[in-house]
$ cat data_33.csv   # CSV, C-alpha atoms
chain,number,residue,atom,x,y,z
A,1,MET,CA,-18.3,-9.1,-6.2
A,2,GLY,CA,-15.9,-11.1,-8.4
A,3,MET,CA,-13.2,-11.2,-5.7
A,4,VAL,CA,-15.8,-12.3,-3.1
A,5,LEU,CA,-16.5,-15.3,-5.4
A,6,GLY,CA,-12.8,-16.1,-5.8
A,7,LYS,CA,-12.0,-14.2,-9.0
A,8,ILE,CA,-8.3,-13.3,-9.2
A,9,THR,CA,-8.1,-9.8,-10.7
A,10,VAL,CA,-4.4,-9.1,-10.2
A,11,GLU,CA,-1.3,-10.2,-12.1
A,12,MET,CA,0.0,-13.6,-11.2
A,13,PRO,CA,3.5,-14.9,-11.7
A,14,LYS,CA,4.1,-16.7,-15.0
A,15,HIS,CA,5.4,-20.3,-14.8
A,16,GLU,CA,5.9,-23.4,-16.9
A,17,VAL,CA,4.4,-26.7,-15.9
A,18,LEU,CA,7.1,-29.3,-16.3
A,19,HIS,CA,5.2,-32.3,-14.9
A,20,THR,CA,1.8,-33.2,-13.6
A,21,GLY,CA,1.9,-35.8,-10.9
A,22,ALA,CA,-0.7,-37.4,-8.6
A,23,GLY,CA,-2.4,-34.2,-7.2
A,24,TYR,CA,0.6,-31.9,-7.7
A,25,GLU,CA,2.5,-30.0,-10.4
A,26,ILE,CA,6.2,-29.3,-10.9
A,27,ARG,CA,6.5,-25.7,-12.0
A,28,LYS,CA,9.4,-23.6,-13.1
A,29,TYR,CA,9.2,-19.8,-12.3
A,30,PRO,CA,11.4,-17.2,-14.0
A,31,PRO,CA,13.3,-14.6,-12.0
A,32,CYS,CA,11.3,-11.8,-10.3
A,33,VAL,CA,11.6,-9.0,-7.8
A,34,ALA,CA,10.0,-9.2,-4.4
A,35,ALA,CA,9.4,-7.0,-1.4
A,36,GLU,CA,9.7,-8.9,1.9
A,37,PHE,CA,9.4,-8.4,5.6
A,38,THR,CA,10.7,-10.8,8.3
A,39,TYR,CA,9.1,-10.5,11.8
A,40,ASP,CA,8.1,-12.2,15.0
A,41,PRO,CA,4.3,-12.5,15.5
A,42,LYS,CA,4.8,-11.8,19.2
A,43,GLU,CA,5.5,-8.2,18.2
A,44,TRP,CA,2.0,-8.1,16.6
A,45,LYS,CA,0.2,-9.5,19.7
A,46,GLY,CA,0.4,-12.9,18.2
A,47,ASP,CA,-1.0,-12.0,14.8
A,48,ALA,CA,0.8,-14.2,12.3
A,49,ASP,CA,-0.2,-11.9,9.5
A,50,GLY,CA,0.9,-8.8,11.3
A,51,GLY,CA,3.6,-8.1,8.6
A,52,PHE,CA,0.9,-7.7,5.9
A,53,THR,CA,0.2,-4.1,6.9
A,54,VAL,CA,3.9,-3.2,6.6
A,55,LEU,CA,4.1,-4.5,3.0
A,56,ALA,CA,0.7,-3.1,2.1
A,57,ASN,CA,1.8,0.3,3.3
A,58,TYR,CA,4.9,0.1,1.2
A,59,ILE,CA,2.9,-0.6,-2.0
A,60,GLY,CA,0.1,1.9,-1.2
A,61,ALA,CA,-2.7,-0.6,-0.6
A,62,LEU,CA,-3.9,1.2,2.6
A,63,GLY,CA,-3.3,4.8,1.6
A,64,LYS,CA,-0.3,6.9,0.6
A,65,PRO,CA,2.5,4.6,-0.6
A,66,GLN,CA,5.4,4.4,1.8
A,67,ASN,CA,8.0,4.4,-0.9
A,68,THR,CA,9.9,6.9,-3.1
A,69,LYS,CA,9.9,6.9,-6.9
A,70,PRO,CA,13.5,6.7,-8.1
A,71,GLU,CA,14.3,9.4,-10.7
A,72,LYS,CA,17.7,7.9,-11.5
A,73,ILE,CA,19.2,4.6,-10.4
A,74,ALA,CA,22.9,4.5,-9.4
A,75,MET,CA,24.6,1.1,-9.7
A,76,THR,CA,26.4,1.1,-6.4
A,77,ALA,CA,26.9,-1.4,-3.6
A,78,PRO,CA,23.6,-2.9,-2.4
A,79,VAL,CA,21.7,-1.2,0.4
A,80,ILE,CA,19.8,-4.0,2.2
A,81,THR,CA,17.0,-3.2,4.6
A,82,SER,CA,15.5,-5.8,6.9
A,83,GLY,CA,13.4,-5.8,10.0
A,84,GLY,CA,11.4,-8.0,12.3
A,85,GLY,CA,7.8,-8.9,12.5
A,86,GLY,CA,5.2,-11.9,12.4
A,87,ASP,CA,3.8,-14.9,10.5
A,88,GLY,CA,0.6,-16.5,9.5
A,89,ASP,CA,-2.4,-16.5,7.1
A,90,ALA,CA,-2.0,-13.1,5.4
A,91,GLU,CA,-3.9,-12.3,2.3
A,92,ALA,CA,-3.6,-9.6,-0.3
A,93,SER,CA,-6.5,-7.1,-0.2
A,94,SER,CA,-5.5,-4.3,-2.5
A,95,GLU,CA,-4.9,-3.3,-6.1
A,96,LYS,CA,-1.5,-1.7,-5.5
A,97,ILE,CA,1.7,-3.5,-4.5
A,98,ALA,CA,5.4,-2.8,-4.5
A,99,MET,CA,8.7,-4.2,-3.7
A,100,THR,CA,11.9,-2.3,-3.4
A,101,ALA,CA,15.3,-3.8,-4.2
A,102,PRO,CA,18.3,-4.1,-2.0
A,103,VAL,CA,20.0,-1.7,-4.4
A,104,ILE,CA,18.0,1.5,-5.0
A,105,THR,CA,19.0,5.1,-5.1
A,106,ALA,CA,16.4,7.7,-5.4
A,107,THR,CA,16.8,11.4,-6.1
A,108,ALA,CA,16.0,13.8,-3.4
A,109,GLY,CA,12.3,14.8,-3.2
A,110,GLY,CA,11.1,11.6,-5.0
A,111,GLU,CA,7.3,11.3,-5.0
A,112,PRO,CA,5.5,8.2,-3.6
A,113,GLU,CA,4.7,5.8,-6.4
A,114,PRO,CA,1.8,3.3,-6.1
A,115,VAL,CA,2.8,-0.2,-7.4
A,116,ALA,CA,0.2,-2.6,-8.8
A,117,MET,CA,-0.6,-5.6,-6.7
A,118,THR,CA,0.1,-9.1,-7.9
A,119,ALA,CA,-0.8,-12.5,-6.5
A,120,PRO,CA,0.2,-14.6,-4.6
A,121,VAL,CA,1.2,-13.3,-1.2
A,122,ILE,CA,3.8,-15.8,0.0
A,123,THR,CA,4.5,-16.7,3.6
A,124,ASP,CA,7.4,-18.8,4.9
A,125,ASP,CA,7.3,-19.6,8.6
A,126,GLN,CA,10.3,-21.9,8.6
A,127,GLN,CA,13.2,-19.6,7.7
A,128,ALA,CA,14.0,-18.8,11.4
A,129,PRO,CA,12.7,-20.1,14.7
A,130,GLY,CA,9.7,-18.1,15.7
A,131,LYS,CA,9.9,-15.7,12.8
A,132,VAL,CA,8.0,-15.4,9.6
A,133,THR,CA,9.0,-13.9,6.2
A,134,MET,CA,6.2,-12.5,4.1
A,135,GLN,CA,6.8,-11.6,0.4
A,136,PHE,CA,4.8,-9.6,-2.1
A,137,LEU,CA,5.9,-10.5,-5.7
A,138,LEU,CA,6.2,-7.3,-7.7
A,139,PRO,CA,4.6,-6.7,-11.1
A,140,SER,CA,6.6,-8.2,-14.0
A,141,LYS,CA,7.5,-4.8,-15.2
A,142,TYR,CA,10.1,-4.8,-12.5
A,143,THR,CA,12.9,-7.0,-13.7
A,144,LYS,CA,15.7,-5.7,-11.5
A,145,ALA,CA,15.6,-4.7,-7.8
A,146,GLU,CA,16.9,-1.3,-8.6
A,147,GLU,CA,13.9,-0.6,-10.8
A,148,ALA,CA,11.5,-0.8,-7.9
A,149,PRO,CA,10.6,2.2,-5.6
A,150,ARG,CA,12.7,2.5,-2.5
A,151,PRO,CA,10.7,1.8,0.7
A,152,THR,CA,10.6,4.5,3.3
A,153,ASP,CA,10.1,1.8,6.0
A,154,GLU,CA,13.6,0.3,6.6
A,155,ARG,CA,12.0,-3.0,7.6
A,156,VAL,CA,11.0,-3.7,4.0
A,157,VAL,CA,13.6,-5.4,1.9
A,158,ILE,CA,13.6,-5.5,-1.9
A,159,ARG,CA,15.4,-8.4,-3.5
A,160,GLU,CA,15.7,-10.2,-6.8
A,161,VAL,CA,14.4,-13.8,-6.7
A,162,PRO,CA,16.3,-16.2,-9.1
A,163,GLU,CA,14.7,-18.8,-11.3
A,164,ARG,CA,13.3,-21.6,-9.2
A,165,LYS,CA,11.4,-24.9,-9.5
A,166,PHE,CA,8.6,-26.0,-7.1
A,167,GLY,CA,6.4,-28.9,-6.4
A,168,VAL,CA,3.0,-27.4,-5.9
A,169,VAL,CA,-0.3,-28.6,-4.5
A,170,ARG,CA,-3.4,-26.4,-4.7
A,171,PHE,CA,-6.3,-26.3,-2.3
A,172,SER,CA,-9.3,-24.2,-1.3
A,173,GLY,CA,-10.7,-23.1,2.0
A,174,VAL,CA,-9.0,-21.3,4.9
A,175,ALA,CA,-5.2,-21.9,5.0
A,176,ALA,CA,-5.2,-23.0,8.6
A,177,ASP,CA,-2.0,-24.2,10.2
A,178,LYS,CA,-3.1,-27.8,10.5
A,179,THR,CA,-4.4,-27.9,6.9
A,180,VAL,CA,-1.2,-26.3,5.5
A,181,ARG,CA,1.1,-28.7,7.3
A,182,GLU,CA,-1.0,-31.7,6.2
A,183,LYS,CA,-0.8,-30.5,2.6
A,184,ALA,CA,2.9,-30.0,2.9
A,185,GLU,CA,3.5,-33.5,4.3
A,186,GLY,CA,1.4,-35.1,1.6
A,187,LEU,CA,3.2,-33.1,-1.1
A,188,ARG,CA,6.6,-33.9,0.3
A,189,ALA,CA,5.8,-37.6,0.4
A,190,ALA,CA,4.5,-37.6,-3.2
A,191,LEU,CA,7.6,-35.7,-4.5
A,192,GLU,CA,10.0,-38.1,-2.7
A,193,LYS,CA,8.1,-41.1,-4.0
A,194,ASP,CA,8.4,-39.8,-7.6
A,195,GLY,CA,12.2,-39.3,-7.2
A,196,TYR,CA,12.4,-35.5,-6.7
A,197,THR,CA,15.0,-34.0,-4.4
A,198,ILE,CA,13.7,-31.5,-1.9
A,199,LYS,CA,15.8,-28.3,-1.7
A,200,GLY,CA,14.2,-26.6,1.2
A,201,PRO,CA,11.1,-26.0,3.4
A,202,PHE,CA,7.7,-25.3,2.0
A,203,VAL,CA,6.1,-21.9,1.5
A,204,LEU,CA,2.4,-21.0,1.5
A,205,ALA,CA,0.9,-18.9,-1.3
A,206,ARG,CA,-2.5,-17.3,-1.0
A,207,TYR,CA,-4.2,-15.6,-3.9
A,208,ASN,CA,-7.4,-14.1,-2.5
A,209,PRO,CA,-8.3,-11.3,-0.1
A,210,PRO,CA,-9.8,-12.2,3.3
A,211,PHE,CA,-13.3,-11.4,2.2
A,212,THR,CA,-13.3,-14.1,-0.4
A,213,LEU,CA,-15.7,-16.9,0.5
A,214,PRO,CA,-13.5,-19.7,2.0
A,215,PRO,CA,-14.7,-22.5,-0.4
A,216,LEU,CA,-13.8,-20.3,-3.3
A,217,ARG,CA,-10.3,-19.3,-2.2
A,218,THR,CA,-7.1,-20.5,-4.0
A,219,ASN,CA,-4.2,-21.5,-1.8
A,220,GLU,CA,-1.0,-23.4,-2.7
A,221,VAL,CA,1.7,-25.1,-0.8
A,222,MET,CA,5.0,-25.0,-2.7
A,223,ILE,CA,8.2,-27.0,-2.0
A,224,PRO,CA,11.4,-26.2,-3.8
A,225,VAL,CA,12.9,-29.1,-5.8
A,226,GLU,CA,15.9,-29.7,-8.0

$ encode --input "data_33.csv" --output "structure tokens"
Amino acid sequence: MGMVLGKITVEMPKHEVLHTGAGYEIRKYPPCVAAEFTYDPKEWKGDADGGFTVLANYIGALGKPQNTKPEKIAMTAPVITSGGGGDGDAEASSEKIAMTAPVITATAGGEPEPVAMTAPVITDDQQAPGKVTMQFLLPSKYTKAEEAPRPTDERVVIREVPERKFGVVRFSGVAADKTVREKAEGLRAALEKDGYTIKGPFVLARYNPPFTLPPLRTNEVMIPVE
């Protein structure tokens, strides 16, 4: 019932608030490990959140985890896996989550390992024309990509995300396209007015499962800044 009413029960990324502006915050996030999937929604019958299932399967949210548990990690050249898939308003709906790293070597016969789910689920629909990249941030116990289980689906990529700084605006309700873009435009204008340098396109972070009542949902638009 708690999640229906907007309670966030999963681990969230730690951050430091550097500045509070007019309706926004400047936050600094430490490095983390993420699992991501880049796809074209057309491959999912137009479902912008089609990629969610792929990442959820990797972490074991929908059944047996589609990853292998590394028994021993060999520090070799990175093995980077990537694939195609969709965009949209995906939301986390499980208690398990995982991200594998570009560099992971597992011993033969490794068993599937469920990974705890964290929030937020991040979507970036501006990284390539017509394509969407969806990320699951891995639990903080994974500090290096090679510590994460290797995905059995080659479309899932595990990578280390460096320290970054964002301008962030929070809002409730359904993260509809029009709403998100309006929030992003307003945030960008506020950041530029206050003298911040924009470093890239915005990303959308959603913290609740789809069955959370819309007025009680937590969403954020994040713009990288210097």

$ residues_around --input "data_33.csv" --residues "Val225 of chain A" --least-positions-apart "2" --cutoff "9 Å" --atoms "all atoms listed in the file" --output "number ranges by chain"
A: 26, 164-167, 191, 196-200, 223

$ atom_distance --input "data_33.csv" --atom1 "atom CA of Ala145 of chain A" --atom2 "atom CA of Asn208 of chain A"
25.4 Å

$ atom_distance --input "data_33.csv" --atom1 "atom CA of Ser172 of chain A" --atom2 "atom CA of Val132 of chain A"
22.3 Å

$ atom_distance --input "data_33.csv" --atom1 "atom CA of Glu226 of chain A" --atom2 "atom CA of Lys178 of chain A"
26.6 Å

$ closest_residue --input "data_33.csv" --among "A:Ala34, A:Val17, A:Met1, A:Thr152" --to "Lys64 of chain A" --atoms "only C-alpha atoms"
A:Thr152

$ closest_residue --input "data_33.csv" --among "A:Gly130, A:Gly21, A:Pro13, A:Pro151" --to "Ile59 of chain A" --atoms "all atoms listed in the file"
A:Pro151

$ closest_residue --input "data_33.csv" --among "A:Glu154, A:Asp177, A:Glu36, A:Glu147" --to "Met134 of chain A" --atoms "all atoms listed in the file"
A:Glu36

$ residues_around --input "data_33.csv" --residues "His15 of chain A" --least-positions-apart "6" --cutoff "9 Å" --atoms "only C-alpha atoms" --output "PyMOL selection string"
chain A and resi 27-30

$ write_last_selection --input "data_33.csv" --atoms "C-alpha atoms" --output "mmCIF file, in the coordinates of the input"
data_model
loop_
_atom_site.group_PDB
_atom_site.id
_atom_site.type_symbol
_atom_site.label_atom_id
_atom_site.label_comp_id
_atom_site.auth_asym_id
_atom_site.auth_seq_id
_atom_site.Cartn_x
_atom_site.Cartn_y
_atom_site.Cartn_z
ATOM 1 C CA ARG A 27 6.500 -25.700 -12.000
ATOM 2 C CA LYS A 28 9.400 -23.600 -13.100
ATOM 3 C CA TYR A 29 9.200 -19.800 -12.300
ATOM 4 C CA PRO A 30 11.400 -17.200 -14.000
#
